>>> print(open('run.csv').read())   # CSV, C-alpha atoms and all ligand atoms
chain,number,residue,atom,x,y,z
A,208,MET,CA,-57.0,51.7,-253.5
A,209,ASN,CA,-60.4,50.8,-255.0
A,210,GLN,CA,-63.4,51.5,-252.8
A,211,ALA,CA,-65.6,48.6,-252.0
A,212,PRO,CA,-68.8,48.4,-254.2
A,213,GLU,CA,-72.3,49.0,-253.0
A,214,ALA,CA,-74.5,46.0,-252.7
A,215,ILE,CA,-78.0,44.6,-253.3
A,216,LEU,CA,-79.4,41.9,-251.0
A,217,LEU,CA,-82.2,39.7,-252.3
A,218,VAL,CA,-84.7,38.9,-249.6
A,219,GLY,CA,-88.0,38.4,-251.4
A,220,GLY,CA,-89.6,35.7,-253.4
A,221,LYS,CA,-92.9,33.9,-253.0
A,222,GLY,CA,-92.3,33.3,-249.4
A,223,THR,CA,-93.4,29.7,-249.6
A,224,ARG,CA,-90.1,28.6,-248.3
A,225,LEU,CA,-90.8,30.2,-244.9
A,226,ARG,CA,-93.5,27.7,-244.1
A,227,PRO,CA,-91.3,24.6,-243.6
A,228,LEU,CA,-89.7,26.4,-240.7
A,229,THR,CA,-93.1,26.5,-239.0
A,230,VAL,CA,-91.9,29.5,-236.9
A,231,ARG,CA,-93.8,32.7,-237.3
A,232,THR,CA,-90.8,34.9,-238.0
A,233,PRO,CA,-89.9,35.3,-241.7
A,234,LYS,CA,-86.8,33.2,-242.4
A,235,PRO,CA,-84.3,36.0,-242.9
A,236,MET,CA,-85.2,37.2,-239.4
A,237,VAL,CA,-85.1,33.9,-237.6
A,238,PRO,CA,-82.2,34.0,-235.2
A,239,ALA,CA,-79.1,32.2,-236.3
A,240,ALA,CA,-76.5,32.2,-233.5
A,241,GLY,CA,-78.8,34.6,-231.6
A,242,VAL,CA,-79.3,37.3,-234.1
A,243,PRO,CA,-81.6,37.6,-237.2
A,244,PHE,CA,-79.9,35.6,-239.9
A,245,LEU,CA,-79.6,38.6,-242.2
A,246,THR,CA,-77.4,40.3,-239.6
A,247,HIS,CA,-74.6,37.9,-240.5
A,248,GLN,CA,-74.7,38.8,-244.2
A,249,LEU,CA,-74.9,42.5,-243.5
A,250,ALA,CA,-72.0,42.4,-241.0
A,251,ARG,CA,-69.8,40.3,-243.4
A,252,ALA,CA,-70.4,42.8,-246.2
A,253,ARG,CA,-69.6,45.7,-243.9
A,254,ALA,CA,-66.4,43.9,-242.9
A,255,ALA,CA,-65.4,43.8,-246.6
A,256,GLY,CA,-65.8,47.5,-246.8
A,257,VAL,CA,-69.3,47.7,-248.2
A,258,GLU,CA,-71.2,50.8,-247.0
A,259,HIS,CA,-74.4,51.1,-249.0
A,260,ILE,CA,-76.8,48.1,-249.3
A,261,VAL,CA,-80.2,48.0,-250.9
A,262,LEU,CA,-82.6,45.3,-249.6
A,263,ALA,CA,-84.8,44.1,-252.4
A,264,THR,CA,-87.9,42.6,-250.7
A,265,SER,CA,-91.3,41.4,-251.9
A,266,TYR,CA,-93.0,40.1,-248.8
A,267,LEU,CA,-93.2,41.1,-245.1
A,268,ALA,CA,-90.8,44.0,-245.9
A,269,GLU,CA,-92.2,45.7,-242.8
A,270,VAL,CA,-90.3,43.3,-240.6
A,271,PHE,CA,-86.8,44.3,-241.8
A,272,GLU,CA,-87.0,48.1,-241.5
A,273,PRO,CA,-88.1,48.3,-237.9
A,274,TYR,CA,-85.2,46.0,-236.9
A,275,PHE,CA,-82.4,47.2,-239.1
A,276,GLY,CA,-83.5,50.8,-239.6
A,277,ASP,CA,-81.1,52.9,-241.6
A,278,GLY,CA,-78.3,50.4,-240.8
A,279,SER,CA,-76.2,52.8,-238.8
A,280,ALA,CA,-76.0,50.4,-235.9
A,281,LEU,CA,-74.0,48.1,-238.3
A,282,GLY,CA,-72.1,51.0,-239.8
A,283,LEU,CA,-74.1,50.7,-243.0
A,284,HIS,CA,-76.5,52.8,-245.0
A,285,LEU,CA,-79.5,50.6,-245.7
A,286,GLU,CA,-82.3,51.2,-248.1
A,287,TYR,CA,-85.4,49.1,-248.7
A,288,VAL,CA,-87.4,48.5,-251.9
A,289,THR,CA,-90.6,46.5,-251.8
A,290,GLU,CA,-92.0,44.9,-254.9
A,291,ASP,CA,-95.8,44.9,-255.3
A,292,GLU,CA,-95.6,41.4,-256.8
A,293,PRO,CA,-92.5,39.2,-256.6
A,294,LEU,CA,-90.3,40.1,-259.6
A,295,GLY,CA,-87.9,37.2,-259.5
A,296,THR,CA,-84.2,37.5,-258.8
A,297,GLY,CA,-83.5,39.6,-262.0
A,298,GLY,CA,-86.6,41.7,-261.7
A,299,ALA,CA,-85.8,42.5,-258.1
A,300,ILE,CA,-82.2,43.5,-259.0
A,301,ARG,CA,-83.5,45.8,-261.9
A,302,ASN,CA,-86.2,47.2,-259.6
A,303,VAL,CA,-83.6,48.7,-257.2
A,304,ALA,CA,-81.4,50.2,-260.0
A,305,SER,CA,-82.6,53.7,-259.3
A,306,ARG,CA,-81.2,53.5,-255.8
A,307,LEU,CA,-77.7,52.7,-257.0
A,308,ARG,CA,-75.0,55.4,-257.0
A,309,SER,CA,-72.4,53.5,-259.1
A,310,GLY,CA,-71.4,54.7,-262.6
A,311,PRO,CA,-72.1,52.5,-265.6
A,312,ASP,CA,-68.8,50.6,-265.5
A,313,ASP,CA,-68.6,50.3,-261.7
A,314,PRO,CA,-69.0,46.9,-259.9
A,315,VAL,CA,-72.1,46.2,-257.8
A,316,LEU,CA,-72.3,43.3,-255.4
A,317,ILE,CA,-75.4,41.1,-255.3
A,318,PHE,CA,-76.2,38.5,-252.7
A,319,ASN,CA,-78.9,35.9,-252.3
A,320,GLY,CA,-80.4,36.5,-248.9
A,321,ASP,CA,-80.4,32.9,-247.7
A,322,ILE,CA,-76.7,31.9,-247.9
A,323,LEU,CA,-74.3,31.5,-245.0
A,324,THR,CA,-70.7,31.5,-246.3
A,325,GLY,CA,-67.1,32.4,-245.6
A,326,LEU,CA,-66.7,33.9,-249.1
A,327,ASP,CA,-63.8,36.3,-249.4
A,328,ILE,CA,-66.0,39.2,-250.8
A,329,GLU,CA,-62.9,41.3,-251.6
A,330,ALA,CA,-61.4,38.5,-253.6
A,331,LEU,CA,-64.5,38.2,-255.7
A,332,VAL,CA,-64.4,41.9,-256.4
A,333,ALA,CA,-60.7,41.7,-257.2
A,334,THR,CA,-61.3,38.8,-259.6
A,335,HIS,CA,-64.0,40.8,-261.3
A,336,ARG,CA,-61.8,43.9,-261.7
A,337,SER,CA,-58.8,41.9,-263.0
A,338,SER,CA,-60.8,39.8,-265.5
A,339,GLY,CA,-62.7,42.7,-266.9
A,340,ALA,CA,-65.9,40.5,-266.7
A,341,ASP,CA,-69.4,41.8,-267.2
A,342,VAL,CA,-70.6,39.5,-264.3
A,343,SER,CA,-68.5,37.5,-261.8
A,344,LEU,CA,-70.0,34.7,-259.8
A,345,HIS,CA,-68.9,32.9,-256.7
A,346,LEU,CA,-69.0,29.2,-257.4
A,347,THR,CA,-68.8,26.3,-254.9
A,348,ARG,CA,-68.7,22.5,-255.3
A,349,VAL,CA,-71.5,20.3,-254.0
A,350,ASP,CA,-72.2,16.5,-254.0
A,351,ASP,CA,-75.7,16.8,-255.4
A,352,PRO,CA,-76.0,19.9,-257.7
A,353,ARG,CA,-79.7,19.3,-258.8
A,354,ALA,CA,-81.2,21.9,-256.5
A,355,PHE,CA,-78.9,24.6,-257.7
A,356,GLY,CA,-77.6,26.5,-260.8
A,357,LEU,CA,-74.9,24.5,-262.5
A,358,VAL,CA,-72.0,26.6,-263.8
A,359,PRO,CA,-69.3,25.0,-266.0
A,360,THR,CA,-66.2,27.0,-266.7
A,361,ASP,CA,-63.2,26.8,-269.0
A,362,GLU,CA,-59.6,26.5,-267.8
A,363,THR,CA,-59.5,30.3,-267.3
A,364,GLY,CA,-62.6,30.3,-265.1
A,365,ARG,CA,-64.8,31.8,-267.8
A,366,VAL,CA,-68.4,30.6,-267.6
A,367,THR,CA,-69.4,28.5,-270.5
A,368,ALA,CA,-73.1,27.7,-269.6
A,369,PHE,CA,-75.6,28.3,-266.8
A,370,LEU,CA,-78.1,25.5,-266.2
A,371,GLU,CA,-80.6,26.3,-263.4
A,372,LYS,CA,-82.0,23.2,-261.6
A,373,PRO,CA,-80.9,20.6,-264.1
A,374,GLN,CA,-83.6,17.9,-264.7
A,375,THR,CA,-81.8,15.2,-266.7
A,376,PRO,CA,-78.6,13.3,-265.9
A,377,GLU,CA,-77.1,14.7,-269.2
A,378,GLU,CA,-77.4,18.2,-267.9
A,379,ILE,CA,-75.3,17.4,-264.8
A,380,VAL,CA,-72.0,18.4,-266.5
A,381,THR,CA,-70.2,19.7,-263.4
A,382,ASP,CA,-70.3,19.8,-259.6
A,383,GLN,CA,-69.7,23.6,-259.7
A,384,ILE,CA,-72.8,25.6,-258.7
A,385,ASN,CA,-73.8,29.2,-258.4
A,386,ALA,CA,-73.2,30.1,-254.8
A,387,GLY,CA,-75.5,33.1,-254.9
A,388,ALA,CA,-73.0,36.0,-254.7
A,389,TYR,CA,-72.2,38.1,-257.8
A,390,VAL,CA,-70.5,41.2,-259.0
A,391,PHE,CA,-72.4,42.9,-261.8
A,392,ARG,CA,-71.1,45.7,-264.0
A,393,ARG,CA,-73.7,48.4,-263.3
A,394,SER,CA,-74.7,48.8,-266.9
A,395,VAL,CA,-75.7,45.1,-267.0
A,396,ILE,CA,-78.2,45.7,-264.2
A,397,ASP,CA,-79.7,48.7,-266.2
A,398,ALA,CA,-80.1,46.4,-269.2
A,399,ILE,CA,-82.4,43.9,-267.4
A,400,PRO,CA,-86.0,44.5,-268.6
A,401,ALA,CA,-87.9,46.6,-266.1
A,402,GLY,CA,-91.5,46.1,-264.7
A,403,ARG,CA,-91.9,42.4,-265.2
A,404,PRO,CA,-90.6,39.2,-263.5
A,405,VAL,CA,-87.2,38.2,-264.6
A,406,SER,CA,-85.1,35.3,-263.4
A,407,VAL,CA,-81.4,36.1,-263.4
A,408,GLU,CA,-80.6,32.4,-263.4
A,409,ARG,CA,-83.1,31.3,-266.2
A,410,GLU,CA,-83.1,34.4,-268.4
A,411,THR,CA,-80.4,37.0,-267.7
A,412,PHE,CA,-77.3,34.7,-267.4
A,413,PRO,CA,-78.2,32.4,-270.4
A,414,GLU,CA,-78.9,35.5,-272.6
A,415,LEU,CA,-75.7,37.2,-271.6
A,416,LEU,CA,-73.8,34.1,-272.5
A,417,SER,CA,-75.4,33.7,-275.9
A,418,SER,CA,-74.7,37.3,-276.7
A,419,GLY,CA,-71.0,36.7,-276.0
A,420,ALA,CA,-70.8,38.6,-272.7
A,421,HIS,CA,-68.0,37.7,-270.3
A,422,LEU,CA,-69.1,35.8,-267.2
A,423,GLN,CA,-66.3,34.9,-264.8
A,424,GLY,CA,-66.5,32.2,-262.2
A,425,MET,CA,-64.5,32.2,-259.0
A,426,VAL,CA,-64.5,28.7,-257.4
A,427,ASP,CA,-63.9,28.9,-253.7
A,428,SER,CA,-64.1,26.0,-251.2
A,429,THR,CA,-64.8,28.1,-248.1
A,430,TYR,CA,-67.8,27.4,-245.8
A,431,TRP,CA,-71.0,27.5,-247.8
A,432,LEU,CA,-74.6,26.6,-246.9
A,433,ASP,CA,-78.0,27.4,-248.5
A,434,LEU,CA,-80.4,27.8,-245.6
A,435,GLY,CA,-83.3,26.6,-247.6
A,436,THR,CA,-84.4,23.9,-245.2
A,437,PRO,CA,-85.0,24.0,-241.4
A,438,GLN,CA,-82.2,21.4,-241.0
A,439,ALA,CA,-79.8,23.6,-242.9
A,440,PHE,CA,-80.8,26.5,-240.8
A,441,VAL,CA,-80.1,24.7,-237.5
A,442,ARG,CA,-76.8,23.4,-238.9
A,443,GLY,CA,-75.8,27.0,-240.0
A,444,SER,CA,-76.6,28.4,-236.6
A,445,ALA,CA,-74.6,25.8,-234.9
A,446,ASP,CA,-71.7,26.3,-237.2
A,447,LEU,CA,-71.7,30.0,-236.5
A,448,VAL,CA,-71.5,29.3,-232.8
A,449,LEU,CA,-68.8,26.7,-233.3
A,450,GLY,CA,-66.8,29.2,-235.4
A,451,ARG,CA,-66.9,27.0,-238.5
A,452,ALA,CA,-68.9,29.7,-240.3
A,453,PRO,CA,-67.3,33.1,-239.9
A,454,SER,CA,-69.4,36.1,-238.9
A,455,PRO,CA,-68.5,39.2,-237.0
A,456,ALA,CA,-72.1,39.4,-235.7
A,457,VAL,CA,-72.1,36.3,-233.4
A,458,PRO,CA,-72.8,37.7,-229.9
A,459,GLY,CA,-70.4,36.2,-227.5
A,460,ARG,CA,-67.5,33.8,-227.7
A,461,ARG,CA,-67.3,30.9,-230.2
A,462,GLY,CA,-67.7,27.5,-228.5
A,463,ASP,CA,-69.9,24.6,-227.8
A,464,ARG,CA,-72.9,26.7,-226.8
A,465,LEU,CA,-74.3,30.2,-226.9
A,466,VAL,CA,-76.7,31.2,-224.0
A,467,LEU,CA,-78.3,34.6,-224.4
A,468,SER,CA,-79.2,37.0,-221.7
A,469,ASP,CA,-82.1,36.0,-219.4
A,470,ALA,CA,-82.0,32.4,-220.5
A,471,SER,CA,-81.6,30.0,-217.7
A,472,VAL,CA,-79.8,26.6,-217.8
A,473,ALA,CA,-80.4,24.3,-214.8
A,474,PRO,CA,-77.5,22.4,-213.2
A,475,GLY,CA,-76.6,19.2,-215.0
A,476,ALA,CA,-78.0,20.3,-218.3
A,477,LYS,CA,-75.6,19.6,-221.1
A,478,LEU,CA,-75.4,21.9,-224.2
A,479,THR,CA,-73.0,20.9,-227.0
A,480,GLY,CA,-72.3,21.1,-230.7
A,481,GLY,CA,-73.1,24.8,-231.2
A,482,THR,CA,-76.4,24.8,-229.4
A,483,VAL,CA,-78.1,28.2,-229.0
A,484,VAL,CA,-80.5,29.1,-226.2
A,485,CYS,CA,-82.2,32.4,-227.0
A,486,GLU,CA,-83.5,35.1,-224.7
A,487,GLY,CA,-85.7,34.0,-221.8
A,488,ALA,CA,-85.6,30.3,-222.7
A,489,ARG,CA,-85.4,27.8,-219.8
A,490,ILE,CA,-83.5,24.5,-219.9
A,491,GLY,CA,-84.3,22.0,-217.2
A,492,GLU,CA,-82.0,19.7,-215.2
A,493,ASP,CA,-80.1,17.0,-217.0
A,494,ALA,CA,-81.5,18.0,-220.4
A,495,ARG,CA,-79.1,17.2,-223.2
A,496,ILE,CA,-79.1,19.4,-226.2
A,497,GLU,CA,-76.8,19.0,-229.1
A,498,GLY,CA,-76.4,21.2,-232.3
A,499,SER,CA,-79.9,22.7,-231.8
A,500,THR,CA,-81.5,26.1,-231.5
A,501,VAL,CA,-84.0,26.9,-228.7
A,502,LEU,CA,-85.8,30.2,-229.6
A,503,ALA,CA,-86.9,32.9,-227.2
A,504,GLY,CA,-89.0,32.0,-224.2
A,505,ALA,CA,-89.1,28.3,-225.0
A,506,VAL,CA,-89.1,25.7,-222.2
A,507,VAL,CA,-87.2,22.4,-222.3
A,508,GLU,CA,-88.1,20.3,-219.3
A,509,PRO,CA,-85.7,18.1,-217.3
A,510,GLY,CA,-84.2,15.1,-219.0
A,511,ALA,CA,-85.3,16.0,-222.5
A,512,VAL,CA,-82.8,14.9,-225.2
A,513,ILE,CA,-82.7,17.1,-228.3
A,514,SER,CA,-80.3,17.0,-231.3
A,515,ASP,CA,-80.2,18.9,-234.6
A,516,SER,CA,-83.6,20.5,-233.9
A,517,LEU,CA,-85.3,23.8,-233.7
A,518,VAL,CA,-87.5,24.6,-230.8
A,519,GLY,CA,-89.8,27.6,-231.6
A,520,ALA,CA,-90.4,30.7,-229.6
A,521,GLY,CA,-92.5,30.0,-226.5
A,522,ALA,CA,-92.8,26.3,-227.3
A,523,ARG,CA,-92.5,23.6,-224.6
A,524,VAL,CA,-90.7,20.3,-224.8
A,525,GLY,CA,-91.8,18.0,-222.0
A,526,ALA,CA,-89.6,16.0,-219.6
A,527,ARG,CA,-87.7,13.0,-221.1
A,528,THR,CA,-89.0,13.7,-224.6
A,529,VAL,CA,-86.5,12.9,-227.4
A,530,LEU,CA,-86.2,15.1,-230.5
A,531,SER,CA,-83.8,14.4,-233.3
A,532,GLY,CA,-83.9,16.5,-236.5
A,533,VAL,CA,-87.3,18.0,-235.6
A,534,VAL,CA,-88.8,21.5,-235.9
A,535,VAL,CA,-91.2,22.4,-233.0
A,536,GLY,CA,-93.2,25.4,-234.1
A,537,ASP,CA,-93.7,28.6,-232.1
A,538,GLY,CA,-96.0,28.1,-229.1
A,539,ALA,CA,-96.3,24.3,-229.7
A,540,ASP,CA,-96.5,22.0,-226.7
A,541,VAL,CA,-94.9,18.6,-226.9
A,542,GLY,CA,-95.8,16.6,-223.8
A,543,GLU,CA,-93.4,14.5,-221.8
A,544,ASP,CA,-92.1,11.1,-222.9
A,545,ASN,CA,-92.6,11.5,-226.6
A,546,GLU,CA,-90.1,10.6,-229.3
A,547,LEU,CA,-89.9,12.5,-232.6
A,548,GLN,CA,-87.4,11.8,-235.3
A,549,ASP,CA,-86.0,13.2,-238.5
A,550,GLY,CA,-88.3,15.4,-240.5
A,551,ALA,CA,-91.1,15.7,-237.9
A,552,ARG,CA,-92.6,19.2,-238.0
A,553,VAL,CA,-94.9,20.2,-235.1
A,554,TRP,CA,-97.0,23.1,-236.3
A,555,CYS,CA,-97.2,26.4,-234.4
A,556,ASP,CA,-99.4,26.1,-231.3
A,557,ALA,CA,-100.1,22.3,-231.8
A,558,VAL,CA,-100.4,20.2,-228.7
A,559,ILE,CA,-99.0,16.7,-228.5
A,560,PRO,CA,-100.1,14.9,-225.3
A,561,ALA,CA,-97.7,13.1,-223.0
A,562,GLY,CA,-96.5,9.7,-224.2
A,563,ALA,CA,-98.4,10.0,-227.5
A,564,ILE,CA,-95.7,9.4,-230.1
A,565,ARG,CA,-92.9,6.8,-230.3
A,566,PHE,CA,-90.7,6.1,-233.2
A,567,SER,CA,-90.1,2.6,-234.6
A,568,SER,CA,-88.4,1.7,-237.8
A,569,ASP,CA,-90.2,-1.7,-237.7
A,570,GLN,CA,-87.0,-3.4,-238.7
B,1,LIG,N1,-86.8,40.6,-253.9
B,1,LIG,C1,-86.9,39.4,-254.4
B,1,LIG,N2,-88.0,39.1,-255.3
B,1,LIG,N3,-86.1,38.4,-254.0
B,1,LIG,C2,-86.3,37.1,-254.5
B,1,LIG,C3,-87.3,36.8,-255.4
B,1,LIG,C4,-88.2,37.9,-255.8
B,1,LIG,O1,-89.2,37.7,-256.6
B,1,LIG,N4,-87.2,35.5,-255.7
B,1,LIG,C5,-86.2,35.0,-255.1
B,1,LIG,N5,-85.6,36.0,-254.3
B,1,LIG,C6,-84.4,35.9,-253.4
B,1,LIG,C7,-84.7,34.9,-252.3
B,1,LIG,O2,-85.1,35.5,-251.1
B,1,LIG,C8,-83.3,34.3,-252.1
B,1,LIG,O3,-82.5,35.1,-251.2
B,1,LIG,C9,-82.6,34.4,-253.5
B,1,LIG,O4,-83.4,35.4,-254.2
B,1,LIG,C10,-82.6,33.1,-254.2
B,1,LIG,O5,-83.9,32.6,-254.3
B,1,LIG,P1,-84.2,31.1,-253.8
B,1,LIG,O6,-85.7,31.0,-254.0
B,1,LIG,O7,-83.6,30.9,-252.5
B,1,LIG,O8,-83.5,30.3,-255.0
B,1,LIG,P2,-82.8,28.9,-254.9
B,1,LIG,O9,-82.1,28.7,-253.5
B,1,LIG,O10,-83.7,27.9,-255.3
B,1,LIG,O11,-81.6,29.0,-256.0
B,1,LIG,C11,-80.8,30.1,-256.0
B,1,LIG,O12,-79.7,30.0,-255.1
B,1,LIG,C12,-78.8,28.8,-255.4
B,1,LIG,C13,-77.8,28.8,-254.3
B,1,LIG,O13,-78.4,28.6,-253.0
B,1,LIG,C14,-80.2,30.2,-257.5
B,1,LIG,O14,-79.5,31.4,-257.5
B,1,LIG,C15,-79.3,29.0,-257.8
B,1,LIG,O15,-78.7,29.2,-259.1
B,1,LIG,C16,-78.2,28.9,-256.7
B,1,LIG,O16,-77.4,27.8,-257.0
B,2,MG,MG,-82.1,29.6,-251.7
>>> encode(input="run.csv", output="structure tokens")
Amino acid sequence: MNQAPEAILLVGGKGTRLRPLTVRTPKPMVPAAGVPFLTHQLARARAAGVEHIVLATSYLAEVFEPYFGDGSALGLHLEYVTEDEPLGTGGAIRNVASRLRSGPDDPVLIFNGDILTGLDIEALVATHRSSGADVSLHLTRVDDPRAFGLVPTDETGRVTAFLEKPQTPEEIVTDQINAGAYVFRRSVIDAIPAGRPVSVERETFPELLSSGAHLQGMVDSTYWLDLGTPQAFVRGSADLVLGRAPSPAVPGRRGDRLVLSDASVAPGAKLTGGTVVCEGARIGEDARIEGSTVLAGAVVEPGAVISDSLVGAGARVGARTVLSGVVVGDGADVGEDNELQDGARVWCDAVIPAGAIRFSSDQ
């Protein structure tokens, strides 16, 4: 039997994508179904037999190590490498090459750090071994591929082009996209130029293709979500709780709700659709919360109605306030009798007085 490969997890970048969450915790550490999001990716890799994972980080690296340590709590051996300046996806992969133990022809798994998926990791590795590819990519199909890397393949699954973030309608030649999980032959990693930013999507893949390298795609229609927006993050967390997104790291049973220790839920409050109530949060009487995440220490007062929203750590949502598709930042205070709709972002520590905001479509 072949041993599972070691893996690289990409959790860096410019960090700008953290801001839309308005919560203070860096995105990979924001709880999804009650544990830092990264835990799900680490636990799924472990369940597929992976033992050694190198985290390639470029910002706020100091938040990962104190929490995950050497990884032994998850049965893993974790290492951390921090870039001085973000090196891009390819540069980050090359930058951790010295930590790999694999031989030149061995497979190495690489994961984007912001993906929630039911990918069969062992099947991707098996595809890689049987096709003899230099790089194998997990592909998924999406309705609107413009925010992703487009990856057309031939009838055997061999990749014919890689088009990152296509700009023109002519470039949209397929609905298959790069799902952010790869197997690289180790020697391909060593061949990425060192010491400068490299995008694996814009530079490495196109160059490999034009030099005749074998890139193999594995289309898989399992659960897949890029957690790039707060809405996606809340959706992913709810899907973990509901059991739609598989992860061995969800604490507690799958179901309509997950209420963590020391959280209190008053009688008559209704939590549905994969709602998570984190440590020490308090939910008042007759509040109705659907498909949402309430972070640690937050307070939701009686009669509030919340759906598809994230309530930040220590925030307060006043009585009878209605939130739909909203992010309330850490420590923010939304007074009673407000109504906030899709896309509203309440900044950390901001204060909205009682009865200040109503929504009207003016139709
Ligand atoms: N260490 C490190 N350093 N990591 C980085 C850097 C960097 O400079 N830049 C990005 N990353 C990490 C991010 O943290 C993320 O986990 C992953 O690499 C991908 O970067 P994103 O910034 O999230 O890219 P994207 O979502 O726009 O596009 C990527 O993912 C899509 C699937 O969600 C591309 O790989 C697309 O081709 C793909 O379709
Ligand atoms: Mg992303």
>>> atom_distance(input="run.csv", atom1="atom CA of A:Ser337", atom2="atom CA of A:Gly325")
21.5 Å
>>> closest_atom_pairs(input="run.csv", of="chain A", to="ligand MG 2 (chain B)", cutoff="6 Å", atoms="only C-alpha atoms and all ligand atoms", output="CSV")
residue,atom,partner,partner_atom,distance
A:Asp321,CA,B:MG2,MG,5.5
A:Asp433,CA,B:MG2,MG,5.6
A:Gly435,CA,B:MG2,MG,5.2
>>> atom_distance(input="run.csv", atom1="atom CA of A:Tyr389", atom2="atom O5 of ligand LIG 1 (chain B)")
13.4 Å
>>> residues_near_point(input="run.csv", point="(-78.9, 35.3, -238.5)", cutoff="10 Å", atoms="only C-alpha atoms", output="short mmCIF file (atom, residue, chain, number, x, y, z; two decimals) with C-alpha atoms, in the frame of the given file")
data_model
loop_
_atom_site.label_atom_id
_atom_site.label_comp_id
_atom_site.auth_asym_id
_atom_site.auth_seq_id
_atom_site.Cartn_x
_atom_site.Cartn_y
_atom_site.Cartn_z
CA LYS A 234 -86.80 33.20 -242.40
CA PRO A 235 -84.30 36.00 -242.90
CA MET A 236 -85.20 37.20 -239.40
CA VAL A 237 -85.10 33.90 -237.60
CA PRO A 238 -82.20 34.00 -235.20
CA ALA A 239 -79.10 32.20 -236.30
CA ALA A 240 -76.50 32.20 -233.50
CA GLY A 241 -78.80 34.60 -231.60
CA VAL A 242 -79.30 37.30 -234.10
CA PRO A 243 -81.60 37.60 -237.20
CA PHE A 244 -79.90 35.60 -239.90
CA LEU A 245 -79.60 38.60 -242.20
CA THR A 246 -77.40 40.30 -239.60
CA HIS A 247 -74.60 37.90 -240.50
CA GLN A 248 -74.70 38.80 -244.20
CA LEU A 249 -74.90 42.50 -243.50
CA ASP A 321 -80.40 32.90 -247.70
CA LEU A 323 -74.30 31.50 -245.00
CA PHE A 440 -80.80 26.50 -240.80
CA GLY A 443 -75.80 27.00 -240.00
CA SER A 444 -76.60 28.40 -236.60
CA LEU A 447 -71.70 30.00 -236.50
CA SER A 454 -69.40 36.10 -238.90
CA ALA A 456 -72.10 39.40 -235.70
CA VAL A 457 -72.10 36.30 -233.40
#
>>> residues_around(input="run.csv", residues="stretch 375-388 of chain A", least_positions_apart="3", cutoff="7 Å", atoms="all atoms listed in the file", output="JSON, numbers by chain")
{"A": [317, 318, 319, 344, 345, 346, 347, 348, 349, 350, 352, 355, 356, 357, 358, 359]}
>>> residues_around(input="run.csv", residues="stretch 555-568 of chain A", least_positions_apart="5", cutoff="12 Å", atoms="all atoms listed in the file", output="PyMOL selection string")
chain A and resi 226-232+518-531+534-549
>>> residues_around(input="run.csv", residues="A:Arg336", least_positions_apart="4", cutoff="12 Å", atoms="all atoms listed in the file", output="list in words")
Asn209, Gln210, Ala211, Pro212, Asp312, Asp313, Pro314, Val315, Glu329, Ala330, Leu331, Val332, Ala340, Asp341, Val342, Ser343, Val390, Phe391, Arg392 and Gln423 of chain A
>>> atom_distance(input="run.csv", atom1="atom CA of A:Trp431", atom2="atom CA of A:Ala452")
8.1 Å
>>> closest_residue(input="run.csv", among="A:Leu434, A:Ala511, A:Ile496, A:Leu326", to="ligand LIG 1 (chain B)", atoms="all atoms listed in the file")
A:Leu434
>>> closest_residue(input="run.csv", among="A:Gly339, A:Pro273, A:Gly402, A:Gly282", to="ligand LIG 1 (chain B)", atoms="only C-alpha atoms and all ligand atoms")
A:Gly402
>>> axis_aligned_box(input="run.csv", around="ligand LIG 1 (chain B)", padding_each_side="5 Å", output="JSON")
{"center_x": -83.3, "center_y": 34.2, "center_z": -255.1, "size_x": 21.8, "size_y": 22.8, "size_z": 18.0}
